[in-house]
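File shown: protein-v4.txt. Contents: compact mmCIF, C-alpha atoms.
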```txt
# COMPACT_ATOMS: atom_id res chain seq x y z
CA MET A 1 -82.20 -61.71 -7.00
CA PHE A 2 -79.36 -60.47 -4.86
CA ARG A 3 -76.94 -62.53 -6.89
CA LYS A 4 -78.12 -60.91 -10.13
CA LEU A 5 -77.68 -57.42 -8.66
CA SER A 6 -74.14 -58.25 -7.58
CA ILE A 7 -73.26 -59.40 -11.05
CA ILE A 8 -74.68 -56.18 -12.56
CA VAL A 9 -72.72 -53.99 -10.11
CA CYS A 10 -69.48 -55.77 -10.99
CA ILE A 11 -70.11 -55.38 -14.71
CA ILE A 12 -70.87 -51.56 -14.57
CA PRO A 13 -67.19 -50.40 -14.09
CA PHE A 14 -66.08 -52.43 -17.07
CA LEU A 15 -68.86 -50.90 -19.12
CA LEU A 16 -67.86 -47.39 -18.01
CA VAL A 17 -64.23 -48.01 -18.89
CA GLY A 18 -65.24 -49.15 -22.25
CA CYS A 19 -67.08 -45.86 -22.79
CA VAL A 20 -63.78 -43.82 -22.68
CA SER A 21 -61.76 -44.15 -25.85
CA GLN A 22 -57.97 -44.20 -25.98
CA SER A 23 -57.93 -40.95 -28.00
CA ASP A 24 -59.96 -39.15 -25.34
CA TYR A 25 -57.60 -40.40 -22.69
CA ASP A 26 -54.55 -39.21 -24.67
CA THR A 27 -56.19 -35.82 -25.20
CA LEU A 28 -56.75 -35.41 -21.49
CA GLU A 29 -53.16 -36.39 -20.76
CA LYS A 30 -51.91 -33.89 -23.32
CA GLU A 31 -54.05 -31.11 -21.85
CA LYS A 32 -52.75 -32.01 -18.41
CA GLY A 33 -49.15 -31.69 -19.65
CA GLU A 34 -49.85 -28.35 -21.33
CA LEU A 35 -51.54 -27.00 -18.20
CA SER A 36 -48.61 -28.18 -16.12
CA ASP A 37 -46.17 -26.40 -18.45
CA GLN A 38 -48.26 -23.21 -18.34
CA LEU A 39 -48.38 -23.38 -14.56
CA SER A 40 -44.60 -23.78 -14.41
CA ALA A 41 -44.14 -20.78 -16.70
CA VAL A 42 -46.47 -18.66 -14.56
CA VAL A 43 -44.60 -19.67 -11.40
CA ALA A 44 -41.26 -18.81 -13.08
CA ASP A 45 -42.60 -15.39 -14.12
CA LEU A 46 -43.84 -14.74 -10.60
CA ASP A 47 -40.43 -15.66 -9.18
CA CYS A 48 -38.72 -13.40 -11.71
CA ASN A 49 -41.05 -10.48 -10.94
CA LYS A 50 -40.54 -11.05 -7.21
CA LYS A 51 -36.77 -10.86 -7.66
CA LYS A 52 -37.15 -7.64 -9.66
CA LEU A 53 -39.38 -6.14 -6.98
CA ASP A 54 -36.91 -7.17 -4.28
CA GLU A 55 -34.06 -5.60 -6.23
CA GLN A 56 -36.02 -2.39 -6.76
CA ALA A 57 -36.88 -2.28 -3.07
CA LYS A 58 -33.19 -2.75 -2.24
CA GLN A 59 -32.21 0.07 -4.63
CA LEU A 60 -34.87 2.30 -3.09
CA VAL A 61 -33.41 1.69 0.36
CA GLU A 62 -29.91 2.45 -0.97
CA LEU A 63 -31.15 5.65 -2.62
CA GLU A 64 -32.77 6.77 0.61
CA GLN A 65 -29.55 6.00 2.44
CA LEU A 66 -27.52 7.96 -0.12
CA HIS A 67 -29.93 10.87 0.18
CA SER A 68 -29.49 10.83 3.95
CA GLU A 69 -25.69 10.65 3.61
CA ASN A 70 -25.71 13.53 1.11
CA GLU A 71 -27.71 15.66 3.52
CA GLN A 72 -25.19 14.90 6.25
CA LEU A 73 -22.33 15.78 3.91
CA LYS A 74 -23.95 19.10 3.08
CA LYS A 75 -24.17 19.90 6.78
CA LYS A 76 -20.51 18.94 7.19
CA LEU A 77 -19.53 21.16 4.27
CA ASP A 78 -21.28 24.09 5.87
CA LEU A 79 -19.51 23.28 9.11
CA TYR A 80 -16.13 23.22 7.36
CA ARG A 81 -16.88 26.56 5.73
CA SER A 82 -17.99 28.14 8.97
CA GLU A 83 -14.75 27.04 10.65
CA VAL A 84 -12.72 29.02 8.13
CA ASN A 85 -15.04 31.83 7.11
CA SER A 86 -18.44 32.60 8.58
CA LYS A 87 -19.52 34.23 5.31
CA ALA A 88 -18.73 31.16 3.22
CA GLU A 89 -22.23 29.75 3.71
CA GLN A 90 -23.62 32.42 1.39
CA GLY A 91 -21.53 31.04 -1.47
CA SER A 92 -22.20 27.36 -0.84
CA ASN A 93 -21.81 25.26 -3.94
CA TYR A 94 -23.18 21.78 -3.47
CA ASN A 95 -21.87 20.66 -6.84
CA SER A 96 -18.38 20.49 -5.37
CA THR A 97 -17.12 17.38 -3.59
CA VAL A 98 -16.17 17.10 0.07
CA GLU A 99 -12.53 16.78 -0.99
CA GLU A 100 -12.68 19.97 -3.07
CA GLU A 101 -14.30 21.88 -0.23
CA TYR A 102 -11.70 20.60 2.22
CA ILE A 103 -8.86 21.61 -0.11
CA ASN A 104 -10.28 25.08 -0.69
CA ASN A 105 -11.16 25.86 2.91
CA LEU A 106 -9.16 23.71 5.31
CA LEU A 107 -5.76 23.00 3.73
CA GLU A 108 -3.21 25.78 3.54
CA VAL A 109 -0.04 25.67 1.41
CA TYR A 110 2.51 28.21 2.59
CA ASP A 111 6.26 28.97 2.56
CA PHE A 112 6.26 27.89 -1.07
CA LYS A 113 9.51 28.40 -2.95
CA ALA A 114 10.57 27.36 -6.44
CA THR A 115 14.14 28.13 -7.49
CA TRP A 116 17.23 26.70 -9.13
CA ILE A 117 19.18 24.58 -6.65
CA ASN A 118 22.60 22.96 -6.95
CA SER A 119 22.17 19.23 -6.44
CA LEU A 120 25.12 16.95 -5.69
CA LEU A 121 23.73 14.23 -7.93
CA ASP A 122 22.03 16.14 -10.78
CA GLY A 123 23.75 19.51 -10.73
CA LYS A 124 21.60 22.63 -11.12
CA VAL A 125 17.91 21.66 -11.03
CA PRO A 126 14.60 23.41 -10.27
CA GLY A 127 13.87 22.79 -6.59
CA VAL A 128 10.54 23.13 -4.81
CA VAL A 129 9.72 23.37 -1.09
CA PHE A 130 6.45 24.09 0.72
CA LYS A 131 4.48 23.41 3.87
CA ILE A 132 0.89 22.18 4.27
CA LYS A 133 -1.33 22.91 7.28
CA ASN A 134 -4.39 20.75 7.99
CA LYS A 135 -6.86 23.15 9.62
CA GLY A 136 -9.81 20.76 9.44
CA LYS A 137 -11.00 17.86 11.55
CA LYS A 138 -10.21 14.97 9.19
CA THR A 139 -7.06 12.90 8.88
CA ILE A 140 -5.72 12.79 5.33
CA SER A 141 -3.90 9.74 3.96
CA GLU A 142 -2.92 11.21 0.58
CA ILE A 143 -2.21 14.68 -0.75
CA GLU A 144 -1.25 15.55 -4.32
CA VAL A 145 0.41 18.93 -4.89
CA THR A 146 0.92 20.24 -8.42
CA VAL A 147 3.48 22.94 -9.17
CA TYR A 148 3.05 25.03 -12.33
CA PHE A 149 6.16 26.64 -13.75
CA ASN A 150 5.53 29.71 -15.93
CA ASP A 151 7.42 32.12 -18.15
CA GLY A 152 6.86 35.17 -15.98
CA LYS A 153 3.86 36.31 -18.01
CA GLY A 154 1.52 33.79 -16.47
CA ASN A 155 1.90 31.22 -19.25
CA ASN A 156 2.62 27.74 -17.93
CA ILE A 157 5.58 26.03 -19.55
CA ALA A 158 5.85 22.94 -17.34
CA GLU A 159 4.25 21.26 -14.37
CA GLU A 160 5.06 18.55 -11.87
CA SER A 161 2.94 16.71 -9.29
CA TYR A 162 4.21 15.55 -5.91
CA HIS A 163 2.76 13.43 -3.12
CA PRO A 164 4.08 14.83 0.15
CA VAL A 165 1.55 12.77 2.13
CA TYR A 166 1.09 9.20 0.96
CA ASP A 167 0.24 6.02 2.82
CA SER A 168 3.13 3.82 1.68
CA ILE A 169 6.18 2.13 3.18
CA THR A 170 8.64 4.62 1.66
CA SER A 171 6.76 7.75 2.72
CA ASP A 172 7.77 9.76 5.79
CA TYR A 173 4.28 11.26 6.00
CA LYS A 174 1.72 8.45 5.80
CA GLU A 175 -1.03 10.76 7.05
CA LEU A 176 -1.67 14.35 8.02
CA LYS A 177 -3.76 14.64 11.17
CA PRO A 178 -5.96 17.61 12.11
CA ASN A 179 -3.91 20.67 13.14
CA TYR A 180 -0.68 18.97 11.92
CA THR A 181 1.74 20.49 9.41
CA PHE A 182 3.71 18.81 6.64
CA GLN A 183 7.20 20.05 5.89
CA LEU A 184 10.35 18.61 4.38
CA GLU A 185 13.59 18.42 6.30
CA SER A 186 15.69 21.57 5.99
CA ASP A 187 18.17 20.04 3.53
CA ARG A 188 15.60 18.34 1.29
CA PHE A 189 13.51 19.56 -1.64
CA TYR A 190 11.42 18.30 -4.55
CA SER A 191 13.04 18.45 -7.98
CA THR A 192 11.90 18.09 -11.57
CA LYS A 193 13.57 17.56 -14.92
CA THR A 194 10.71 18.80 -17.08
CA VAL A 195 11.41 22.53 -16.63
CA PRO A 196 13.29 24.19 -19.54
CA GLU A 197 16.60 25.94 -18.91
CA GLU A 198 15.19 29.40 -19.62
CA TRP A 199 12.86 29.18 -16.65
CA LYS A 200 13.60 31.79 -13.97
CA SER A 201 13.48 31.20 -10.25
CA GLY A 202 10.25 32.25 -8.56
CA ASN A 203 8.05 31.98 -11.62
CA ALA A 204 5.81 29.23 -10.30
CA THR A 205 2.51 28.62 -8.55
CA THR A 206 1.22 25.65 -6.62
CA GLU A 207 -2.08 24.11 -5.63
CA ILE A 208 -3.39 20.95 -3.98
CA THR A 209 -5.01 18.99 -6.79
CA ASN A 210 -6.20 15.88 -4.96
CA ILE A 211 -6.59 14.42 -1.48
CA LYS A 212 -7.83 11.22 0.10
CA PHE A 213 -9.33 10.98 3.56
CA LYS A 214 -8.17 8.25 5.90
CA GLU A 215 -10.87 5.64 6.45
CA GLU A 216 -12.25 5.92 9.95
```
Please, can you express the file's structure as structure tokens?
Amino acid sequence: MFRKLSIIVCIIPFLLVGCVSQSDYDTLEKEKGELSDQLSAVVADLDCNKKKLDEQAKQLVELEQLHSENEQLKKKLDLYRSEVNSKAEQGSNYNSTVEEEYINNLLEVYDFKATWINSLLDGKVPGVVFKIKNKGKKTISEIEVTVYFNDGKGNNIAEESYHPVYDSITSDYKELKPNYTFQLESDRFYSTKTVPEEWKSGNATTEITNIKFKEE
């Protein structure tokens, strides 16, 4: 009896295998492959979304940092204004840049002269001299000064830009520190060849058109 039961038990697995057709098996394998592909796609989408969320979080942190820096800059601008004019706070314009505020309030161009000068090399040329006072608390590594030559009626007929302060090997003034003054040597001047011959000495204005702060 026991022997018969053993034979039956051994035969059952073969009978069960025979009950599953090859087509059913292939179908299950195909479904498994499709599910595996779908799972891979879902994982890839999750990774992509995670990267996007991480990038957005990073941008949010940067925006918060920029907001904080802008608030600090606004306070500094008010400080710069108060150093020059205590009433300047009433006219605060936060659309202007730090550089523009520094130029308008803390850099002074004075002893400006524009006249015809006899040059040994070029003969009679328009010559320009000026001084610049840094009344602020920042060191400046570059200053651009633009001189506008006019016809005496206020109409500009020529202009020339100079870089009295410039961080380069050939420059005498590589920076302008707080409370320092730029000036050329007594026998030197800036010249230009763009001014027409009919221009008359003294008919000119000047302004600082660009600056760059030294990195601290």
If we count all atoms listed in the file and set the cut-off at 10 Å, which residues sit around A:Lys193, ignoring sequence neighbours fewer than 6 positions away in its own chain? Please answer as a CSV table (one decimal) with C-alpha atoms, in the coordinates of the input.
```csv
chain,number,residue,atom,x,y,z
A,122,ASP,CA,22.0,16.1,-10.8
A,125,VAL,CA,17.9,21.7,-11.0
A,126,PRO,CA,14.6,23.4,-10.3
A,127,GLY,CA,13.9,22.8,-6.6
A,158,ALA,CA,5.8,22.9,-17.3
A,160,GLU,CA,5.1,18.6,-11.9
```
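For the atom pair formed by atom CA of A:Ala114 and atom CA of A:Thr146, the distance is 12.2 Å, given to one decimal.
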- Contact residues around A:Gly123 with all atoms listed in the file at 12 Å, ignoring same-chain residues under 5 positions, as a VMD selection string: chain A and resid 116 to 118 191 to 193
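In this structure, atom CA of A:Tyr162 sits 9.9 Å away from atom CA of A:Val128.
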- Message: With all atoms listed in the file as the counted atoms, please give the residues lying no more than 12 Å from A:Gly154, apart from itself and same-chain residues fewer than 6 positions off, as a PyMOL selection string.
- Response: chain A and resi 148+202-205
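For the residues A:Leu120, A:Ile143, A:Leu60, A:Leu35, ranking by smallest atom-to-atom distance to A:Leu176 using all atoms listed in the file places A:Ile143 first.
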- Query: Hey, which of A:Glu71, A:Asp45, A:Glu34, A:Glu142 ends up closest to A:Glu175? Count all atoms listed in the file.
  - Reply: A:Glu142
- Residue nearest A:Leu106 - candidates A:Tyr180, A:Phe130, A:Tyr190, A:Tyr25, atoms counted: all atoms listed in the file: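 Checking each of A:Tyr180, A:Phe130, A:Tyr190, A:Tyr25 against A:Leu106, counting all atoms listed in the file, the winner is A:Tyr180.
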- Message: What does the structure give for the distance between atom CA of A:Val98 and atom CA of A:Leu184, in Å to one decimal?
- Response: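 Answer for the atom CA of A:Val98 to atom CA of A:Leu184 separation: 26.9 Å.
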- From A:Ser21, A:Lys135, A:Val129, A:Thr194, residue lying nearest A:Asn104 [all atoms listed in the file]: A:Lys135
- Message: So that I can see what lies close to A:Ile208, please list as a ChimeraX atom specification the residues with an atom at most 8 Å from it, counting all atoms listed in the file and leaving out residues fewer than 2 positions away in the same chain.
- Response: /A:103,109,143-146,206,210-211
Can you patch up stretch 27-42 of chain A, filling it in to N, CA, C and O atoms, and show the result as a compact mmCIF listing (two decimals), in the frame of the given file?
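What ended up in part-v7.txt:
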```
# COMPACT_ATOMS: atom_id res chain seq x y z
N THR A 27 -55.92 -37.26 -25.15
CA THR A 27 -56.19 -35.82 -25.20
C THR A 27 -56.13 -35.20 -23.81
O THR A 27 -55.55 -34.13 -23.60
N LEU A 28 -56.77 -35.90 -22.86
CA LEU A 28 -56.75 -35.41 -21.49
C LEU A 28 -55.34 -35.37 -20.93
O LEU A 28 -54.95 -34.43 -20.23
N GLU A 29 -54.54 -36.36 -21.21
CA GLU A 29 -53.16 -36.39 -20.76
C GLU A 29 -52.36 -35.25 -21.37
O GLU A 29 -51.53 -34.60 -20.71
N LYS A 30 -52.61 -34.97 -22.65
CA LYS A 30 -51.91 -33.89 -23.32
C LYS A 30 -52.28 -32.54 -22.71
O LYS A 30 -51.42 -31.68 -22.47
N GLU A 31 -53.59 -32.34 -22.48
CA GLU A 31 -54.05 -31.11 -21.85
C GLU A 31 -53.43 -30.94 -20.46
O GLU A 31 -53.06 -29.83 -20.05
N LYS A 32 -53.36 -32.05 -19.74
CA LYS A 32 -52.75 -32.01 -18.41
C LYS A 32 -51.29 -31.55 -18.50
O LYS A 32 -50.83 -30.72 -17.71
N GLY A 33 -50.55 -32.08 -19.47
CA GLY A 33 -49.15 -31.69 -19.65
C GLY A 33 -49.01 -30.23 -20.02
O GLY A 33 -48.12 -29.52 -19.51
N GLU A 34 -49.90 -29.76 -20.91
CA GLU A 34 -49.85 -28.35 -21.33
C GLU A 34 -50.16 -27.43 -20.15
O GLU A 34 -49.51 -26.39 -19.96
N LEU A 35 -51.19 -27.79 -19.37
CA LEU A 35 -51.54 -27.00 -18.20
C LEU A 35 -50.40 -26.97 -17.18
O LEU A 35 -50.13 -25.95 -16.55
N SER A 36 -49.75 -28.11 -17.05
CA SER A 36 -48.61 -28.18 -16.12
C SER A 36 -47.47 -27.28 -16.58
O SER A 36 -46.85 -26.57 -15.77
N ASP A 37 -47.21 -27.28 -17.90
CA ASP A 37 -46.17 -26.40 -18.45
C ASP A 37 -46.53 -24.93 -18.26
O ASP A 37 -45.69 -24.10 -17.91
N GLN A 38 -47.81 -24.60 -18.51
CA GLN A 38 -48.26 -23.21 -18.34
C GLN A 38 -48.13 -22.78 -16.88
O GLN A 38 -47.72 -21.64 -16.59
N LEU A 39 -48.50 -23.69 -15.98
CA LEU A 39 -48.38 -23.38 -14.56
C LEU A 39 -46.92 -23.13 -14.16
O LEU A 39 -46.62 -22.20 -13.42
N SER A 40 -46.03 -23.96 -14.69
CA SER A 40 -44.60 -23.78 -14.41
C SER A 40 -44.10 -22.44 -14.92
O SER A 40 -43.30 -21.76 -14.26
N ALA A 41 -44.55 -22.05 -16.11
CA ALA A 41 -44.14 -20.78 -16.70
C ALA A 41 -44.65 -19.61 -15.86
O ALA A 41 -43.94 -18.64 -15.63
N VAL A 42 -45.90 -19.72 -15.39
CA VAL A 42 -46.47 -18.66 -14.56
C VAL A 42 -45.69 -18.54 -13.25
O VAL A 42 -45.37 -17.43 -12.79
```
